[in-house]
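The structure appears below as structure tokens.
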Amino acid sequence: MKLFSRHQPAFARKSKREIPTGLWTKCEACSQLIYNKALDENLRVCPKCEFHFPLTAHQRLHLTIDEGTLEEWDADLTPLDPLQFSVPKPYAQKVVEEQRACGMTDACLTGKGLLEGREVVIGVTDSRFMMGSMGSVVGERLTRAIERATEQHLPLIIISGSGGGARMQEGVLSLMQMAKTSSALMKLDEKGGLFLSILTHPTMAGVLASFATLGDLIIAEPKALIGFTGPRVIESTIRQKLPEGFQRSEFLLEHGLIDFIVQRRDMKDTLARLLQLFRV
Ligand SMILES: [Zn+2]
């Protein structure tokens, strides 16, 4: 018998306003309905409030790396199921479903490519794949990318978009990835390497608490949710109302966690200028 079961309502309640699927998207920040084509043309940024919608890892790479120059690394690494975890469903089955839905073998892509003609190592996490959580494959791919950036004296850029940190189905193996990526970054730093960390909506939990906040520069997209634990959990734990805009890029810039906020349309140019400035 299942420990928890959801009661199916006898009848489904109709929402007050039906939105035709596939044509419009509702902005989660200002509730504006946006025509999908217009949203895509605006790089998936809300034209009313400038909320930056999450992008897929492939869309990120398309916006960041020069066309046709990406050499993807370690795409053949796939998750194992050492704990035989099966709540609420077998992990192995869940992984296959996510792979089919997202067209990726796990929640991040890494590789080497050109950015405005400059060779860089890049890693991108994708919040669609199990919330972008850092399982052993994500940790291993990122660590190898960091180590190759160190060996090849190349600048490293990691764009984080992870609503989850640890992947519970991998238990302590997932938690170890925080130490592994952090330790590889320390070696990159000792060799004088440059790491630009870009935080996008959402960057949370173990991803934020490890590699994502270890950048030489930490850059965020506007209005991104960035934090360790979600605001509702914090509020219910401390029983206090959190300040307005808590855990958003603008609040964190004011409080010193991030260095600057860059609009999506300006991100590639900004990165190119930074690479020129640091000349690593
Ligand atoms: Zn909006």
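Ligands are numbered from 1 in the order shown, residues from 1 within each chain, and chains are lettered A, B, ... in the order they appear in the structure tokens.
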List as an NGL selection string the protein and nucleic acid residues near Ala101 of chain A, meaning an atom at most 9 Å away when only C-alpha atoms are counted, but skip any in the same chain fewer than 4 places from it. :A and (96-97 or 128-129)
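The binding environment of ligand 1, defined as every protein, DNA or RNA residue with an atom no more than 12 Å away and counting only C-alpha atoms and all ligand atoms, comprises Thr25, Lys26, Cys27, Glu28, Ala29, Cys30, Ser31, Gln32, Leu33, Ile34, Leu39, Arg44, Val45, Cys46, Pro47, Lys48, Cys49, Glu50, Phe51, His52, Phe53, Pro222 and Lys223 of chain A.
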Selection export as an mmCIF file, in the first residue's frame, atoms kept: C-alpha atoms:
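Okay, again_24.cif is ready:
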```cif
data_model
loop_
_atom_site.group_PDB
_atom_site.id
_atom_site.type_symbol
_atom_site.label_atom_id
_atom_site.label_comp_id
_atom_site.auth_asym_id
_atom_site.auth_seq_id
_atom_site.Cartn_x
_atom_site.Cartn_y
_atom_site.Cartn_z
ATOM 1 C CA THR A 25 2.504 32.047 -21.830
ATOM 2 C CA LYS A 26 1.597 33.712 -18.552
ATOM 3 C CA CYS A 27 4.462 35.627 -16.978
ATOM 4 C CA GLU A 28 5.095 34.209 -13.527
ATOM 5 C CA ALA A 29 6.283 37.590 -12.255
ATOM 6 C CA CYS A 30 3.566 39.986 -13.504
ATOM 7 C CA SER A 31 0.858 37.587 -14.787
ATOM 8 C CA GLN A 32 0.875 39.245 -18.216
ATOM 9 C CA LEU A 33 -0.239 36.958 -21.052
ATOM 10 C CA ILE A 34 2.449 36.968 -23.730
ATOM 11 C CA LEU A 39 8.259 35.957 -26.220
ATOM 12 C CA ARG A 44 12.057 34.798 -23.665
ATOM 13 C CA VAL A 45 12.071 37.991 -21.627
ATOM 14 C CA CYS A 46 8.707 39.406 -20.522
ATOM 15 C CA PRO A 47 8.151 42.663 -22.486
ATOM 16 C CA LYS A 48 6.139 44.135 -19.602
ATOM 17 C CA CYS A 49 8.251 43.438 -16.495
ATOM 18 C CA GLU A 50 11.538 42.087 -17.947
ATOM 19 C CA PHE A 51 11.271 38.795 -16.078
ATOM 20 C CA HIS A 52 13.789 36.440 -17.709
ATOM 21 C CA PHE A 53 12.136 33.078 -18.313
ATOM 22 C CA PRO A 222 17.392 40.290 -13.689
ATOM 23 C CA LYS A 223 14.754 39.082 -11.202
#
```
Could you pull the residues within 8 Å of Asn36 of chain A, counting only C-alpha atoms, minus those fewer than 6 positions along the same chain, as number ranges by chain? A: 22-25
Using only C-alpha atoms, which of the listed residues (A:Gly245, A:Gly206, A:Gly161, A:Pro90) sits closest to Thr125 of chain A?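 Nearest candidate to Thr125 of chain A out of A:Gly245, A:Gly206, A:Gly161, A:Pro90: A:Gly161.
Considering only C-alpha atoms, the residue among A:Cys102, A:Gln240, A:Lys94, A:Arg265 positioned nearest to Glu41 of chain A is A:Arg265.
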What's the 10 Å shell around Ala166 of chain A, counting only C-alpha atoms, without same-chain residues fewer than 5 positions away, as a list in words?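 Residues near the query, excluding close chain neighbours: Met131, Gly132, Ser133, Met134, Gly135, Ser136, Gly171, Val172, Leu173, Ser174, Leu175, Met176, Gln177, Met178, Met204, Ala205, Gly206 and Val207 of chain A.
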Between A:Gly165, A:Pro155, A:Pro231, A:Gly192, which has the minimum distance to Gln276 of chain A (counting only C-alpha atoms)?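 Among the listed residues, the smallest separation from Gln276 of chain A belongs to A:Pro155.
Pairwise distance (atom CA of Ala92 of chain A, atom CA of Gln169 of chain A) equals 9.6 Å.
What separates atom CA of Leu257 of chain A from atom CA of Thr237 of chain A is a distance of 22.7 Å.
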Have a look at A:Met104, A:Ile234, A:Val120, A:Ile65 and name the one nearest to Leu77 of chain A; count only C-alpha atoms.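 Closest to Leu77 of chain A of all the choices is A:Met104.
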Using only C-alpha atoms, which of the listed residues (A:Leu154, A:Ala184, A:Leu109, A:Ala209) sits closest to Arg60 of chain A?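 Closest to Arg60 of chain A of all the choices is A:Leu109.
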Between A:Val87, A:Val137, A:Cys108, A:Leu217, which has the minimum distance to Thr270 of chain A (counting only C-alpha atoms)?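 Going through A:Val87, A:Val137, A:Cys108, A:Leu217 one by one, the smallest distance to Thr270 of chain A is for A:Leu217.
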Where in segment 35-224 of chain A does DSSP assign strand (DSSP E or B), given as an NGL selection string? :A and (35 or 45 or 52 or 71-73 or 108-115 or 118-125 or 156-162 or 195-204 or 217-220)
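Atom CA of Lys180 of chain A lies 18.4 Å from atom CA of Gly111 of chain A.
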Helix (DSSP H, G or I) positions in segment 13-207 of chain A, given as an MDAnalysis selection string: chainID A and resid 36:41 57:64 91:102 130:132 136:151 168:190 205:207
Spatial neighbours of Phe278 of chain A, max dist 10 Å, only C-alpha atoms, sep filter under 3 positions, as a PyMOL selection string: chain A and resi 155+194+273-275
The selected residues should be written to file as an mmCIF file, in the first residue's frame (atoms: N, CA and C atoms).
```cif
data_model
loop_
_atom_site.group_PDB
_atom_site.id
_atom_site.type_symbol
_atom_site.label_atom_id
_atom_site.label_comp_id
_atom_site.auth_asym_id
_atom_site.auth_seq_id
_atom_site.Cartn_x
_atom_site.Cartn_y
_atom_site.Cartn_z
ATOM 1 N N PRO A 155 39.482 30.257 -20.130
ATOM 2 C CA PRO A 155 38.477 30.805 -19.211
ATOM 3 C C PRO A 155 37.281 29.863 -19.107
ATOM 4 N N LEU A 194 40.377 31.824 -14.786
ATOM 5 C CA LEU A 194 39.232 32.740 -14.621
ATOM 6 C C LEU A 194 37.930 31.945 -14.695
ATOM 7 N N ARG A 273 33.570 41.187 -23.377
ATOM 8 C CA ARG A 273 34.356 42.318 -22.858
ATOM 9 C C ARG A 273 35.143 41.923 -21.616
ATOM 10 N N LEU A 274 34.512 41.104 -20.765
ATOM 11 C CA LEU A 274 35.204 40.646 -19.554
ATOM 12 C C LEU A 274 36.407 39.765 -19.909
ATOM 13 N N LEU A 275 36.220 38.915 -20.888
ATOM 14 C CA LEU A 275 37.326 38.036 -21.306
ATOM 15 C C LEU A 275 38.486 38.869 -21.841
#
```
Non-local contacts of Leu114 of chain A (9 Å; only C-alpha atoms; under 5 positions in same chain excluded) as a PyMOL selection string: chain A and resi 64-67+69-70+119-121
